$ cat entry16.txt   # compact mmCIF, C-alpha atoms
# COMPACT_ATOMS: atom_id res chain seq x y z
CA MET A 27 -56.24 96.41 -20.63
CA SER A 28 -57.75 92.93 -20.48
CA LEU A 29 -61.50 92.38 -20.56
CA LEU A 30 -61.36 90.71 -17.12
CA THR A 31 -59.71 93.77 -15.62
CA THR A 32 -62.27 96.01 -17.28
CA PHE A 33 -65.06 93.81 -15.88
CA LYS A 34 -63.61 94.05 -12.34
CA LEU A 35 -63.36 97.82 -12.62
CA ALA A 36 -66.98 97.99 -13.82
CA ILE A 37 -68.21 95.89 -10.88
CA ARG A 38 -66.22 98.02 -8.45
CA ALA A 39 -67.64 101.25 -9.89
CA LEU A 40 -71.21 99.95 -9.72
CA TRP A 41 -70.73 98.64 -6.18
CA ARG A 42 -69.58 102.06 -4.97
CA ASN A 43 -73.06 103.40 -5.82
CA LYS A 44 -75.24 100.48 -4.76
CA VAL A 45 -78.49 102.40 -4.32
CA ARG A 46 -78.16 104.18 -7.64
CA THR A 47 -77.26 100.92 -9.36
CA LEU A 48 -80.31 99.19 -7.89
CA LEU A 49 -82.64 102.02 -8.85
CA THR A 50 -81.23 101.99 -12.38
CA MET A 51 -81.93 98.27 -12.74
CA ILE A 52 -85.51 98.48 -11.49
CA GLY A 53 -86.88 99.56 -14.87
CA ILE A 54 -85.23 96.60 -16.59
CA VAL A 55 -86.24 94.17 -13.84
CA PHE A 56 -89.90 95.12 -13.98
CA GLY A 57 -89.88 95.40 -17.77
CA ILE A 58 -88.56 91.88 -18.33
CA GLY A 59 -90.61 90.48 -15.44
CA ALA A 60 -93.78 91.96 -16.90
CA VAL A 61 -93.03 90.61 -20.39
CA ILE A 62 -92.48 87.07 -19.09
CA ALA A 63 -95.49 87.18 -16.74
CA MET A 64 -97.82 88.47 -19.45
CA VAL A 65 -96.68 85.97 -22.09
CA SER A 66 -96.86 83.11 -19.59
CA SER A 67 -100.34 84.16 -18.46
CA GLY A 68 -101.52 84.49 -22.05
CA GLN A 69 -100.28 81.02 -22.95
CA GLY A 70 -101.71 79.54 -19.76
CA ALA A 71 -105.11 81.14 -20.37
CA GLN A 72 -105.16 79.87 -23.96
CA LEU A 73 -104.32 76.34 -22.82
CA ALA A 74 -107.01 76.54 -20.12
CA VAL A 75 -109.60 77.55 -22.74
CA LYS A 76 -108.46 74.71 -24.98
CA GLN A 77 -108.70 72.18 -22.16
CA VAL A 78 -112.17 73.41 -21.21
CA PHE A 79 -113.53 72.82 -24.70
CA GLN A 80 -111.63 69.56 -25.12
CA SER A 81 -113.56 68.30 -22.11
CA MET A 82 -116.65 68.39 -24.33
CA GLY A 83 -114.99 66.01 -26.78
CA THR A 84 -112.91 66.44 -29.91
CA ASN A 85 -114.34 67.47 -33.30
CA VAL A 86 -117.85 67.71 -31.88
CA LEU A 87 -121.01 69.36 -33.19
CA ILE A 88 -124.09 69.93 -31.03
CA VAL A 89 -127.55 69.66 -32.60
CA THR A 90 -130.48 71.04 -30.60
CA ASN A 91 -133.95 72.41 -31.06
CA GLN A 92 -134.09 76.05 -32.15
CA SER A 93 -135.47 78.63 -29.73
CA MET A 94 -139.16 79.35 -30.34
CA ARG A 95 -140.46 82.92 -30.55
CA GLY A 96 -144.05 83.93 -30.54
CA GLY A 97 -146.28 86.41 -28.78
CA GLY A 98 -144.75 85.52 -25.43
CA PRO A 99 -141.17 85.22 -24.25
CA SER A 100 -138.58 83.15 -26.06
CA THR A 101 -138.19 79.59 -24.81
CA GLY A 102 -134.41 79.81 -25.22
CA GLY A 103 -132.04 77.63 -27.20
CA GLY A 104 -133.33 74.06 -27.32
CA GLY A 105 -136.66 75.01 -25.85
CA GLY A 106 -138.78 74.57 -28.96
CA ALA A 107 -140.07 71.12 -29.87
CA SER A 108 -138.97 70.43 -33.45
CA LEU A 109 -136.50 67.54 -33.42
CA THR A 110 -137.93 64.06 -33.02
CA TRP A 111 -136.40 60.74 -32.11
CA GLU A 112 -137.12 59.68 -35.68
CA ASP A 113 -134.88 62.53 -36.87
CA LEU A 114 -132.01 61.05 -34.86
CA THR A 115 -132.69 57.61 -36.30
CA ALA A 116 -132.73 59.08 -39.82
CA LEU A 117 -129.39 60.83 -39.28
CA GLN A 118 -127.84 57.58 -38.07
CA ALA A 119 -129.27 55.70 -41.03
CA GLU A 120 -127.74 58.14 -43.53
CA GLU A 121 -124.22 57.01 -42.59
CA ILE A 122 -122.65 60.40 -43.30
CA PRO A 123 -118.95 59.67 -44.04
CA THR A 124 -117.64 62.59 -41.96
CA ILE A 125 -119.52 61.47 -38.84
CA LYS A 126 -117.77 59.08 -36.48
CA TRP A 127 -120.23 58.82 -33.59
CA MET A 128 -123.59 60.24 -32.51
CA ALA A 129 -125.13 60.20 -29.07
CA PRO A 130 -128.37 61.70 -27.71
CA VAL A 131 -128.11 63.54 -24.40
CA LEU A 132 -131.04 64.40 -22.14
CA ASP A 133 -130.36 66.25 -18.92
CA SER A 134 -132.08 67.63 -15.86
CA ARG A 135 -130.86 69.09 -12.60
CA THR A 136 -132.31 67.37 -9.58
CA GLN A 137 -131.68 66.21 -6.03
CA VAL A 138 -129.97 62.83 -5.58
CA VAL A 139 -129.85 60.95 -2.29
CA SER A 140 -127.61 58.26 -0.80
CA GLU A 141 -127.97 56.55 2.57
CA GLU A 142 -125.91 59.23 4.32
CA ALA A 143 -126.20 62.43 2.24
CA ASN A 144 -127.99 64.25 -0.55
CA TRP A 145 -126.73 66.48 -3.34
CA ASN A 146 -128.16 68.57 -6.16
CA THR A 147 -126.54 67.52 -9.43
CA ARG A 148 -127.10 67.28 -13.17
CA VAL A 149 -128.45 63.94 -14.37
CA TYR A 150 -127.67 62.92 -17.96
CA GLY A 151 -129.54 60.33 -19.96
CA THR A 152 -127.43 58.93 -22.79
CA ASN A 153 -125.79 55.78 -24.14
CA ALA A 154 -122.34 54.20 -24.28
CA THR A 155 -121.26 56.29 -27.30
CA TRP A 156 -121.42 59.50 -25.24
CA PHE A 157 -118.37 58.40 -23.24
CA LYS A 158 -116.40 57.81 -26.46
CA ILE A 159 -117.29 61.25 -27.81
CA ARG A 160 -116.24 62.98 -24.60
CA ASN A 161 -113.09 60.86 -24.19
CA TRP A 162 -114.24 59.92 -20.72
CA GLU A 163 -113.09 56.80 -18.94
CA ALA A 164 -113.94 55.15 -15.65
CA ALA A 165 -111.62 55.79 -12.72
CA GLU A 166 -113.39 53.03 -10.83
CA GLY A 167 -115.90 50.39 -11.90
CA THR A 168 -117.28 50.38 -15.46
CA LEU A 169 -119.13 52.66 -17.88
CA LEU A 170 -122.46 52.05 -19.55
CA ASP A 171 -121.96 49.51 -22.34
CA GLU A 172 -123.99 49.06 -25.52
CA ASP A 173 -126.56 46.87 -23.75
CA THR A 174 -127.12 48.88 -20.57
CA GLY A 175 -126.83 52.23 -22.39
CA ASN A 176 -129.78 51.36 -24.63
CA SER A 177 -131.86 49.67 -21.94
CA ASN A 178 -134.10 50.88 -19.15
CA ALA A 179 -131.79 49.51 -16.45
CA LYS A 180 -131.58 51.55 -13.26
CA VAL A 181 -127.81 51.85 -13.12
CA THR A 182 -125.62 54.94 -13.03
CA VAL A 183 -122.09 56.21 -13.54
CA ILE A 184 -121.24 59.24 -11.42
CA GLY A 185 -118.62 62.01 -11.47
CA LYS A 186 -115.95 62.54 -8.81
CA THR A 187 -117.81 65.47 -7.23
CA VAL A 188 -121.01 63.45 -6.78
CA ALA A 189 -119.05 60.49 -5.43
CA THR A 190 -117.33 62.69 -2.86
CA GLN A 191 -120.49 64.53 -1.80
CA LEU A 192 -122.58 61.38 -1.38
CA PHE A 193 -120.05 58.79 -0.20
CA GLY A 194 -117.03 60.73 1.05
CA THR A 195 -113.88 58.64 0.77
CA ALA A 196 -115.75 55.31 0.60
CA SER A 197 -116.07 53.45 -2.69
CA PRO A 198 -119.47 54.14 -4.32
CA ILE A 199 -119.40 50.99 -6.49
CA GLY A 200 -122.42 48.83 -5.72
CA GLN A 201 -124.01 51.57 -3.58
CA THR A 202 -127.50 52.93 -4.23
CA ILE A 203 -128.48 56.46 -5.22
CA ARG A 204 -132.12 57.56 -5.26
CA VAL A 205 -133.50 60.02 -7.81
CA ASN A 206 -137.17 60.98 -7.50
CA GLY A 207 -137.58 58.04 -5.16
CA GLN A 208 -136.15 55.58 -7.69
CA PRO A 209 -133.02 53.55 -6.73
CA TYR A 210 -130.01 53.41 -9.07
CA GLU A 211 -127.01 51.15 -8.59
CA VAL A 212 -123.63 52.86 -9.00
CA ILE A 213 -121.54 50.83 -11.45
CA GLY A 214 -118.74 53.32 -12.12
CA VAL A 215 -117.02 56.59 -11.20
CA LEU A 216 -115.68 58.83 -13.97
CA THR A 217 -112.16 60.21 -14.10
CA ALA A 218 -111.93 63.82 -12.97
CA LYS A 219 -112.19 66.48 -15.70
CA GLY A 220 -112.53 69.68 -13.71
CA GLN A 221 -114.30 72.79 -14.94
CA GLY A 222 -116.05 73.02 -18.32
CA PRO A 223 -118.24 75.52 -20.21
CA MET A 224 -121.24 74.48 -18.12
CA GLY A 225 -119.47 74.42 -14.78
CA ASP A 226 -118.02 71.44 -12.90
CA ASN A 227 -117.76 68.49 -15.31
CA ASP A 228 -117.45 66.10 -12.38
CA ASP A 229 -120.76 67.19 -10.86
CA ALA A 230 -122.74 64.75 -12.97
CA MET A 231 -124.69 61.50 -12.86
CA VAL A 232 -125.19 59.43 -16.04
CA ILE A 233 -128.02 56.95 -16.58
CA PRO A 234 -129.31 55.07 -19.67
CA VAL A 235 -131.31 57.30 -22.04
CA LYS A 236 -134.46 55.12 -21.94
CA THR A 237 -134.37 55.09 -18.15
CA PHE A 238 -134.15 58.90 -18.21
CA GLN A 239 -137.19 59.12 -20.49
CA GLN A 240 -139.27 56.84 -18.32
CA LYS A 241 -138.21 57.93 -14.83
CA ILE A 242 -137.10 61.56 -15.21
CA ASP A 243 -139.18 62.75 -18.18
CA ARG A 244 -142.07 60.54 -17.02
CA GLY A 245 -142.87 58.84 -20.29
CA ILE A 246 -141.53 58.40 -23.82
CA ALA A 247 -142.30 61.49 -25.91
CA LYS A 248 -142.19 61.89 -29.67
CA TYR A 249 -140.03 64.99 -29.54
CA PHE A 250 -136.37 65.01 -28.61
CA ARG A 251 -135.76 67.71 -25.98
CA GLY A 252 -132.04 67.34 -25.47
CA GLN A 253 -128.81 67.56 -27.42
CA LEU A 254 -127.41 65.35 -30.14
CA LEU A 255 -123.63 65.17 -29.93
CA VAL A 256 -121.98 64.47 -33.27
CA SER A 257 -118.31 63.48 -33.36
CA MET A 258 -116.57 64.06 -36.69
CA THR A 259 -113.81 62.03 -38.30
CA ARG A 260 -111.47 65.01 -38.78
CA ASP A 261 -110.96 68.65 -37.79
CA ASP A 262 -111.78 70.23 -41.14
CA ALA A 263 -115.09 68.42 -41.66
CA ALA A 264 -117.29 70.79 -39.63
CA GLU A 265 -118.81 72.84 -42.46
CA GLN A 266 -119.40 69.79 -44.65
CA THR A 267 -121.01 67.85 -41.80
CA MET A 268 -123.17 70.78 -40.67
CA ALA A 269 -124.42 71.28 -44.24
CA LYS A 270 -125.32 67.60 -44.60
CA ILE A 271 -127.13 67.43 -41.25
CA SER A 272 -128.98 70.66 -42.04
CA SER A 273 -130.06 69.33 -45.45
CA ILE A 274 -131.43 66.10 -43.96
CA LEU A 275 -133.32 67.83 -41.14
CA ARG A 276 -134.75 70.57 -43.38
CA ASP A 277 -135.97 67.92 -45.80
CA ARG A 278 -137.57 65.91 -43.00
CA HIS A 279 -139.21 69.02 -41.51
CA LYS A 280 -140.42 70.10 -44.96
CA LEU A 281 -138.86 73.57 -44.75
CA ASP A 282 -138.71 75.58 -47.98
CA GLY A 283 -136.05 78.12 -48.91
CA SER A 284 -137.88 81.03 -47.27
CA GLN A 285 -138.16 79.34 -43.87
CA GLU A 286 -135.49 79.43 -41.19
CA ASP A 287 -134.11 76.29 -39.56
CA ASP A 288 -136.18 75.02 -36.66
CA PHE A 289 -133.07 73.44 -35.19
CA ARG A 290 -129.60 74.66 -34.27
CA ILE A 291 -126.17 73.22 -35.06
CA ARG A 292 -123.31 74.60 -32.97
CA ASN A 293 -119.58 74.06 -33.30
CA PRO A 294 -117.78 74.37 -29.92
CA ALA A 295 -114.44 74.68 -31.77
CA GLU A 296 -115.56 78.11 -33.00
CA TRP A 297 -116.22 79.23 -29.41
CA ALA A 298 -112.81 77.95 -28.36
CA LYS A 299 -111.08 79.73 -31.25
CA ALA A 300 -112.88 82.99 -30.47
CA GLN A 301 -111.88 82.72 -26.80
CA GLN A 302 -108.26 81.92 -27.67
CA ASP A 303 -108.05 84.76 -30.20
CA SER A 304 -109.41 87.19 -27.63
CA THR A 305 -106.99 85.96 -24.97
CA GLU A 306 -104.07 86.13 -27.41
CA ARG A 307 -104.86 89.73 -28.38
CA ILE A 308 -105.06 90.80 -24.74
CA ALA A 309 -101.79 89.00 -23.93
CA THR A 310 -100.07 90.63 -26.91
CA LEU A 311 -101.28 94.06 -25.85
CA LEU A 312 -100.03 93.54 -22.31
CA ALA A 313 -96.68 92.25 -23.61
CA ILE A 314 -96.32 95.42 -25.71
CA VAL A 315 -97.00 97.57 -22.66
CA ALA A 316 -94.40 95.55 -20.74
CA ALA A 317 -91.90 96.00 -23.60
CA VAL A 318 -92.43 99.76 -23.41
CA SER A 319 -91.53 99.65 -19.73
CA LEU A 320 -88.34 97.79 -20.73
CA LEU A 321 -87.54 100.57 -23.18
CA ILE A 322 -88.04 103.12 -20.41
CA GLY A 323 -85.69 101.08 -18.26
CA GLY A 324 -83.08 101.33 -21.03
CA ILE A 325 -83.46 105.10 -21.10
CA GLY A 326 -82.87 105.07 -17.37
CA VAL A 327 -79.62 103.14 -17.90
CA MET A 328 -78.41 105.74 -20.41
CA ASN A 329 -79.37 108.60 -18.13
CA ILE A 330 -77.51 107.18 -15.15
CA MET A 331 -74.47 106.34 -17.25
CA LEU A 332 -74.34 109.92 -18.53
CA VAL A 333 -74.46 111.15 -14.94
CA SER A 334 -71.70 108.70 -14.09
CA VAL A 335 -69.52 110.05 -16.92
CA ILE A 336 -69.93 113.59 -15.59
CA GLU A 337 -69.21 112.56 -11.99
CA ARG A 338 -66.10 110.60 -12.99
CA THR A 339 -64.66 113.10 -15.45
CA ARG A 340 -61.55 113.65 -13.33
CA GLU A 341 -61.10 109.88 -12.90
CA ILE A 342 -61.30 109.46 -16.68
CA GLY A 343 -58.68 112.20 -17.15
CA ILE A 344 -56.28 110.50 -14.71
CA ARG A 345 -56.68 107.12 -16.42
CA MET A 346 -56.06 108.60 -19.86
CA ALA A 347 -53.08 110.60 -18.54
CA VAL A 348 -51.37 107.40 -17.30
CA GLY A 349 -51.83 105.61 -20.60
CA ALA A 350 -55.43 104.39 -20.90
CA LYS A 351 -56.63 104.50 -24.48
CA PRO A 352 -60.03 105.92 -25.51
CA LEU A 353 -61.09 102.36 -26.38
CA ASP A 354 -60.29 101.23 -22.81
CA VAL A 355 -62.45 104.02 -21.34
CA MET A 356 -65.29 103.33 -23.74
CA THR A 357 -65.11 99.59 -22.99
CA GLN A 358 -65.27 100.19 -19.24
CA PHE A 359 -68.43 102.29 -19.39
CA LEU A 360 -69.99 99.94 -21.95
CA VAL A 361 -69.29 96.94 -19.72
CA GLU A 362 -70.85 98.77 -16.77
CA ALA A 363 -74.02 99.34 -18.80
CA ILE A 364 -74.09 95.72 -19.94
CA VAL A 365 -73.60 94.45 -16.37
CA LEU A 366 -76.45 96.67 -15.20
CA ALA A 367 -78.74 95.30 -17.92
CA ALA A 368 -77.63 91.66 -17.51
CA VAL A 369 -78.12 91.59 -13.73
CA GLY A 370 -81.41 93.41 -14.15
CA GLY A 371 -82.39 90.89 -16.81
CA ALA A 372 -81.60 87.93 -14.54
CA LEU A 373 -83.62 89.45 -11.71
CA GLY A 374 -86.41 90.23 -14.19
CA VAL A 375 -86.57 86.60 -15.34
CA ALA A 376 -86.84 85.47 -11.70
CA LEU A 377 -89.54 88.07 -11.02
CA GLY A 378 -91.42 87.06 -14.16
CA TYR A 379 -91.35 83.39 -13.17
CA GLY A 380 -92.65 84.17 -9.70
CA ALA A 381 -95.40 86.44 -11.04
CA ALA A 382 -96.43 83.87 -13.65
CA HIS A 383 -96.57 81.11 -11.01
CA TYR A 384 -98.71 83.27 -8.72
CA MET A 385 -101.13 84.27 -11.50
CA ALA A 386 -101.49 80.67 -12.65
CA GLY A 387 -102.44 79.60 -9.15
CA TYR A 388 -104.74 82.57 -8.60
CA PHE A 389 -106.67 82.21 -11.87
CA GLY A 390 -106.52 78.41 -11.98
CA TRP A 391 -104.87 77.98 -15.38
CA PRO A 392 -101.79 75.87 -16.21
CA MET A 393 -98.39 77.29 -15.35
CA ILE A 394 -96.35 77.69 -18.53
CA PHE A 395 -92.89 79.22 -18.33
CA PRO A 396 -92.10 80.68 -21.77
CA ALA A 397 -88.42 79.71 -21.94
CA LYS A 398 -88.02 81.11 -25.45
CA THR A 399 -89.57 84.43 -24.43
CA ALA A 400 -87.39 84.54 -21.32
CA ALA A 401 -84.27 83.95 -23.41
CA ILE A 402 -85.28 86.64 -25.88
CA ALA A 403 -86.09 89.08 -23.04
CA PHE A 404 -82.72 88.41 -21.43
CA ALA A 405 -80.97 88.96 -24.77
CA VAL A 406 -82.95 92.16 -25.23
CA SER A 407 -81.79 93.35 -21.81
CA GLY A 408 -78.20 92.85 -22.97
CA GLY A 409 -79.06 94.75 -26.13
CA VAL A 410 -80.51 97.51 -23.99
CA GLY A 411 -77.22 97.69 -22.11
CA VAL A 412 -75.24 97.96 -25.35
CA GLY A 413 -77.67 100.27 -27.10
CA PHE A 414 -78.26 102.71 -24.29
CA GLY A 415 -74.77 102.46 -22.82
CA LEU A 416 -72.95 103.08 -26.08
CA TYR A 417 -73.49 106.85 -26.24
CA PRO A 418 -72.29 107.55 -22.65
CA ALA A 419 -69.30 105.25 -23.29
CA ILE A 420 -68.36 107.05 -26.50
CA ARG A 421 -68.77 110.41 -24.78
CA ALA A 422 -66.46 109.31 -21.98
CA SER A 423 -63.82 108.09 -24.45
CA ARG A 424 -63.78 111.43 -26.27
CA LEU A 425 -63.00 113.54 -23.21
CA ASP A 426 -59.81 115.56 -23.48
CA PRO A 427 -57.41 114.37 -20.76
CA ILE A 428 -56.18 117.90 -19.91
CA THR A 429 -59.72 119.27 -19.64
CA ALA A 430 -60.79 116.23 -17.61
CA LEU A 431 -57.93 116.67 -15.15
CA ARG A 432 -58.93 120.28 -14.53
CA TYR A 433 -62.62 119.33 -14.01
CA GLU A 434 -63.93 120.07 -10.53
CA THR A 435 -66.90 118.08 -9.20
$ encode --input "entry16.txt" --output "structure tokens"
Amino acid sequence: MSLLTTFKLAIRALWRNKVRTLLTMIGIVFGIGAVIAMVSSGQGAQLAVKQVFQSMGTNVLIVTNQSMRGGGPSTGGGGGASLTWEDLTALQAEEIPTIKWMAPVLDSRTQVVSEEANWNTRVYGTNATWFKIRNWEAAEGTLLDEDTGNSNAKVTVIGKTVATQLFGTASPIGQTIRVNGQPYEVIGVLTAKGQGPMGDNDDAMVIPVKTFQQKIDRGIAKYFRGQLLVSMTRDDAAEQTMAKISSILRDRHKLDGSQEDDFRIRNPAEWAKAQQDSTERIATLLAIVAAVSLLIGGIGVMNIMLVSVIERTREIGIRMAVGAKPLDVMTQFLVEAIVLAAVGGALGVALGYGAAHYMAGYFGWPMIFPAKTAAIAFAVSGGVGVGFGLYPAIRASRLDPITALRYET
């Protein structure tokens, strides 16, 4: 008997019991769908975490004041006054080979006002280097340059959210924004970056650092109460750079070996890695659970095929009596099991894609269809058909024709 004829017979047999066939495939459909959805979601979540931390800049360290503890409550990270502007100058003068750029960042959340609207946003005081560290370009207008970034000019570059809230669809370039009663000319609008570790990246207003000191901080203080962003030349330079910065600051602050640092150096890459590792472990666990459901689906295929062998015992006897060989009988039942698994696998891939697309939209992470995983899952479904359909097929082929003909259903 040809394989095509065997395939037609298998389709016909499955079609005669449509409901049972559908119920048999459900385990495989949901098993493969769950595997694809979980792997896709895991990869999407990992990419979302990576993008969030990339929005802070690449190869970046953050130097801040250490939290201060005394008889009262802690002031929190960066709350203690230990770093000075002279410390920043000293770090720049050292010309540490693993450091590419450094930029001071002061910030405060305050109300900003245009002619038509007002909005509460975060105001940053920094210089032109900050935009290089954060890989941030202007969507409209220009950024702070070396001159304006180190001056006390009352100019500003704003994020997309601020531009929309204050000016709607109109161009903000050349418009005026007031902060604490002081007017600032908008010279640029930043490209959209979306959400970051601190919330909406685009909900920001950037002004020169000296202007921030004079107009927001109300005077030039000795102590630096913000963050120093340090961009490194390569990925693997974090420990070396942190050790060098720590050595310089400890020496300047005259700290001996028994004293703790009065500053803090953080590496956002470590946070990102921890988040990605956690997400990967959860995704792997969910994929394992989904694979177990696929295994259960395979057991269901074997169970139904065994029932089918019993129900069709007389049919098998007739076929063998008119010349069908045991191999022909075994092939027919094996093909039926493979068709069940293959169709279930195809439906499972479609279900997995739909579920992954929905979850990506719901949680707001990138949609990634794991084509390799889908191919493997589909191949596994075929393997399930062979593996779990083989025993019923062999059992059918070993039936004695005389006994089968006498079998009464």
$ closest_residue --input "entry16.txt" --among "A:Leu366, A:Ala263, A:Ala397, A:Ser407" --to "Ile37 of chain A" --atoms "only C-alpha atoms"
A:Leu366
$ closest_residue --input "entry16.txt" --among "A:Leu35, A:Ile159, A:Ile213, A:Val183" --to "Lys126 of chain A" --atoms "only C-alpha atoms"
A:Ile159
$ residues_around --input "entry16.txt" --residues "segment 357-359 of chain A" --least-positions-apart "4" --cutoff "7 Å" --atoms "all atoms listed in the file" --output "PDB file with C-alpha atoms, keeping the file's coordinate frame"
ATOM      1  CA  THR A  32     -62.270  96.010 -17.280  1.00  0.00           C
ATOM      2  CA  ALA A  36     -66.980  97.990 -13.820  1.00  0.00           C
ATOM      3  CA  LEU A 353     -61.090 102.360 -26.380  1.00  0.00           C
ATOM      4  CA  ALA A 363     -74.020  99.340 -18.800  1.00  0.00           C
ATOM      5  CA  ALA A 419     -69.300 105.250 -23.290  1.00  0.00           C
TER       6      ALA A 419
END
$ atom_distance --input "entry16.txt" --atom1 "atom CA of Ile52 of chain A" --atom2 "atom CA of Val361 of chain A"
18.3 Å
$ residues_around --input "entry16.txt" --residues "segment 390-394 of chain A" --least-positions-apart "6" --cutoff "10 Å" --atoms "all atoms listed in the file" --output "PyMOL selection string"
chain A and resi 63+65-75+77+379+382-384
$ residues_near_point --input "entry16.txt" --point "(-69.0, 113.1, -23.4)" --cutoff "12 Å" --atoms "all atoms listed in the file" --output "ChimeraX atom specification"
/A:331-339,342,352,355-356,359,416-427,429-430
$ write_last_selection --input "entry16.txt" --atoms "C-alpha atoms" --output "tab-separated table (two decimals), in the coordinates of the input"
chain	number	residue	atom	x	y	z
A	331	MET	CA	-74.47	106.34	-17.25
A	332	LEU	CA	-74.34	109.92	-18.53
A	333	VAL	CA	-74.46	111.15	-14.94
A	334	SER	CA	-71.70	108.70	-14.09
A	335	VAL	CA	-69.52	110.05	-16.92
A	336	ILE	CA	-69.93	113.59	-15.59
A	337	GLU	CA	-69.21	112.56	-11.99
A	338	ARG	CA	-66.10	110.60	-12.99
A	339	THR	CA	-64.66	113.10	-15.45
A	342	ILE	CA	-61.30	109.46	-16.68
A	352	PRO	CA	-60.03	105.92	-25.51
A	355	VAL	CA	-62.45	104.02	-21.34
A	356	MET	CA	-65.29	103.33	-23.74
A	359	PHE	CA	-68.43	102.29	-19.39
A	416	LEU	CA	-72.95	103.08	-26.08
A	417	TYR	CA	-73.49	106.85	-26.24
A	418	PRO	CA	-72.29	107.55	-22.65
A	419	ALA	CA	-69.30	105.25	-23.29
A	420	ILE	CA	-68.36	107.05	-26.50
A	421	ARG	CA	-68.77	110.41	-24.78
A	422	ALA	CA	-66.46	109.31	-21.98
A	423	SER	CA	-63.82	108.09	-24.45
A	424	ARG	CA	-63.78	111.43	-26.27
A	425	LEU	CA	-63.00	113.54	-23.21
A	426	ASP	CA	-59.81	115.56	-23.48
A	427	PRO	CA	-57.41	114.37	-20.76
A	429	THR	CA	-59.72	119.27	-19.64
A	430	ALA	CA	-60.79	116.23	-17.61
$ residues_around --input "entry16.txt" --residues "Ile291 of chain A" --least-positions-apart "2" --cutoff "9 Å" --atoms "only C-alpha atoms" --output "list of chain:residue names"
A:Leu87, A:Ile88, A:Val89, A:Thr90, A:Asn91, A:Gln92, A:Met268, A:Ile271, A:Ser272, A:Phe289, A:Asn293
$ residues_around --input "entry16.txt" --residues "Trp156 of chain A" --least-positions-apart "4" --cutoff "7 Å" --atoms "only C-alpha atoms" --output "PyMOL selection string"
chain A and resi 129+152+160
$ axis_aligned_box --input "entry16.txt" --around "segment 360-363 of chain A" --padding-each-side "5 Å" --output "JSON"
{"center_x": -71.7, "center_y": 98.4, "center_z": -19.4, "size_x": 14.7, "size_y": 13.0, "size_z": 15.2}
$ atom_distance --input "entry16.txt" --atom1 "atom CA of Gly53 of chain A" --atom2 "atom CA of Arg340 of chain A"
29.0 Å
$ closest_residue --input "entry16.txt" --among "A:Arg38, A:Arg307, A:Lys351, A:Lys180" --to "Lys236 of chain A" --atoms "all atoms listed in the file"
A:Lys180
$ closest_residue --input "entry16.txt" --among "A:Ala196, A:Val55, A:Leu30, A:Val188" --to "Phe404 of chain A" --atoms "all atoms listed in the file"
A:Val55
$ atom_distance --input "entry16.txt" --atom1 "atom CA of Lys186 of chain A" --atom2 "atom CA of Thr168 of chain A"
13.9 Å
$ residues_around --input "entry16.txt" --residues "Ile325 of chain A" --least-positions-apart "2" --cutoff "10 Å" --atoms "only C-alpha atoms" --output "count of residues only"
18
$ closest_residue --input "entry16.txt" --among "A:Met231, A:Val61, A:Leu170, A:Val315" --to "Val139 of chain A" --atoms "all atoms listed in the file"
A:Met231
$ closest_residue --input "entry16.txt" --among "A:Ala347, A:Ala405, A:Leu109, A:Val86" --to "Ser257 of chain A" --atoms "all atoms listed in the file"
A:Val86
$ residues_near_point --input "entry16.txt" --point "(-137.1, 56.0, -13.6)" --cutoff "12 Å" --atoms "all atoms listed in the file" --output "short mmCIF file (atom, residue, chain, number, x, y, z; two decimals) with C-alpha atoms, in the coordinates of the input"
data_model
loop_
_atom_site.label_atom_id
_atom_site.label_comp_id
_atom_site.auth_asym_id
_atom_site.auth_seq_id
_atom_site.Cartn_x
_atom_site.Cartn_y
_atom_site.Cartn_z
CA VAL A 149 -128.45 63.94 -14.37
CA GLY A 151 -129.54 60.33 -19.96
CA SER A 177 -131.86 49.67 -21.94
CA ASN A 178 -134.10 50.88 -19.15
CA ALA A 179 -131.79 49.51 -16.45
CA LYS A 180 -131.58 51.55 -13.26
CA VAL A 181 -127.81 51.85 -13.12
CA THR A 182 -125.62 54.94 -13.03
CA ARG A 204 -132.12 57.56 -5.26
CA VAL A 205 -133.50 60.02 -7.81
CA ASN A 206 -137.17 60.98 -7.50
CA GLY A 207 -137.58 58.04 -5.16
CA GLN A 208 -136.15 55.58 -7.69
CA PRO A 209 -133.02 53.55 -6.73
CA TYR A 210 -130.01 53.41 -9.07
CA ILE A 233 -128.02 56.95 -16.58
CA PRO A 234 -129.31 55.07 -19.67
CA VAL A 235 -131.31 57.30 -22.04
CA LYS A 236 -134.46 55.12 -21.94
CA THR A 237 -134.37 55.09 -18.15
CA PHE A 238 -134.15 58.90 -18.21
CA GLN A 239 -137.19 59.12 -20.49
CA GLN A 240 -139.27 56.84 -18.32
CA LYS A 241 -138.21 57.93 -14.83
CA ILE A 242 -137.10 61.56 -15.21
CA ASP A 243 -139.18 62.75 -18.18
CA ARG A 244 -142.07 60.54 -17.02
CA GLY A 245 -142.87 58.84 -20.29
CA ILE A 246 -141.53 58.40 -23.82
#
$ decode --input "entry16.txt" --residues "segment 133-143 of chain A" --atoms "C-alpha atoms" --output "compact mmCIF listing (two decimals), in the first residue's frame"
# COMPACT_ATOMS: atom_id res chain seq x y z
CA ASP A 133 17.78 67.47 39.23
CA SER A 134 14.62 68.69 40.88
CA ARG A 135 10.94 68.10 40.26
CA THR A 136 9.00 71.30 39.84
CA GLN A 137 6.13 73.02 38.05
CA VAL A 138 6.86 74.47 34.60
CA VAL A 139 4.57 76.90 32.82
CA SER A 140 4.01 77.94 29.20
CA GLU A 141 1.64 80.58 27.87
CA GLU A 142 -1.22 78.08 27.59
CA ALA A 143 -0.53 75.28 30.10
